[in-house]
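To keep things clear, I will list the structure first and then write my remarks on it.
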Amino acid sequence: MKKEVELNKAKWLVEPGCVVLVTSGTTESANVMTFSWQTPVNSADPCLVLLAIHHARYSYDLIKQNHQLVINVPGEELLEQTHFVGQVTGRNIDKFKESGLTPVPTTVVEPPLIRQCAGHLECRVAETFKMQTHDLLICEVLRAVADTDLFDGRWIPEKFHTLHYLCGNKYGVMERTIEAQRKK
Ligand SMILES: Cc1cc2nc3c(=O)[nH]c(=O)nc-3n(C[C@H](O)[C@H](O)[C@H](O)COP(=O)(O)O)c2cc1C
């Protein structure tokens with residue numbers, strides 16, 4: 001079961017520096033692409049996540065149209081789909097159909113969520129910084145949702161393995177929690 005996550009805890013969905021799947025467009029005409037260049041840049045009030053997107057991406061064109069997107073967090077079981085939607089463009093194909101990922105409409109933003117992902121950040125693009133090849137999108141999280149069995153304020157790596165991009169077709173997975181002895 002998925003449950004709302006308070007916005008002051010939303011950044012913990014992407015804090016591990018995991019690979020994410022970003023949906024853009026509208027429910028009728030949506031696209032999905034893979035991102036590893038993502039990071040929280042403000043914890044709360046508002047919760048902000050930065051994405052670096054290359055100007056050549058089809059998703060870039062779609063995000064420019066309605067300034068909305070959803071950051072979806074895939075687990076290890078979505079490795080093939082995650083790699084696939086990061087290799088081909090949605091300009092000419094329906095990547096949802098080809099990958100088997102399921103779009104689910106949401107009420108807060110126009111792009112859909114991905115049913116098979118364990119967590120979702122529904123965002124509006126609050127600010128954009130243009131770089132040479134990429135834009136830096138500052139995304140304000142409007143709503144956050146996560147699977148209650150897998151996320152209890154942080155991901156539980158013993159139950160849910162986020163993906164971490166290494167190089168080429170290689171990924172690492174987060175599998176266990178370790179604790180520093182010195183408490184904060
Ligand atoms: C693991 C992985 C991480 C990626 N990270 C990014 C990223 O952070 N920014 C980016 O612009 N492209 C990134 N890409 C490339 C895009 O996902 C890829 O070009 C995709 O096909 C674009 O799809 P689109 O044209 O349908 O938008 C990544 C690809 C992979 C496989």
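Residue numbering restarts at 1 for every chain of the structure tokens, chains are lettered A, B, ... in their displayed order, and ligands are numbered from 1 as they appear.
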
Legend entry - helix (DSSP H, G or I) positions in chain A, given as a VMD selection string: chain A and resid 7 to 13 58 to 66 76 to 85 95 to 99

Legend entry - Residue contacts of Tyr60 in chain A (12 Å, only C-alpha atoms) excluding same-chain residues fewer than 6 positions away, as a ChimeraX atom specification: /A:22-25,31-33,51-54,66-69,89-91,125,128,133-137

Inset, instruction - For Glu6 in chain A, please output as a list in words all residues within 10 Å (counting only C-alpha atoms; exclusion window: fewer than 2 positions along the same chain). - result: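 In the requested form, the answer reads Lys3, Glu4, Asn8, Lys9, Ala10, Lys11, Ala44, Arg143, Ala144, Val145 and Gly153 of chain A.
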
Legend entry - Neighbour list for range 74-82 of chain A as an NGL selection string, cut-off 9 Å, only C-alpha atoms, skip fewer than 2 positions in-chain: :A and (18-21 or 33-34 or 72 or 84-87 or 99-101 or 114 or 116-119 or 160-163 or 171 or 173)

Inset, instruction - Find, counting only C-alpha atoms and all ligand atoms, the residue in A:Pro16, A:Ile178, A:Val88, A:Thr26 that gets nearest to ligand 1. - result: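 That would be A:Val88, the residue with the smallest distance to ligand 1.
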
Legend entry - Residues within 8 Å of Val14 in chain A, only C-alpha atoms, excluding chain neighbours under 3 positions, as a PyMOL selection string: chain A and resi 11+17-18+38-40+73
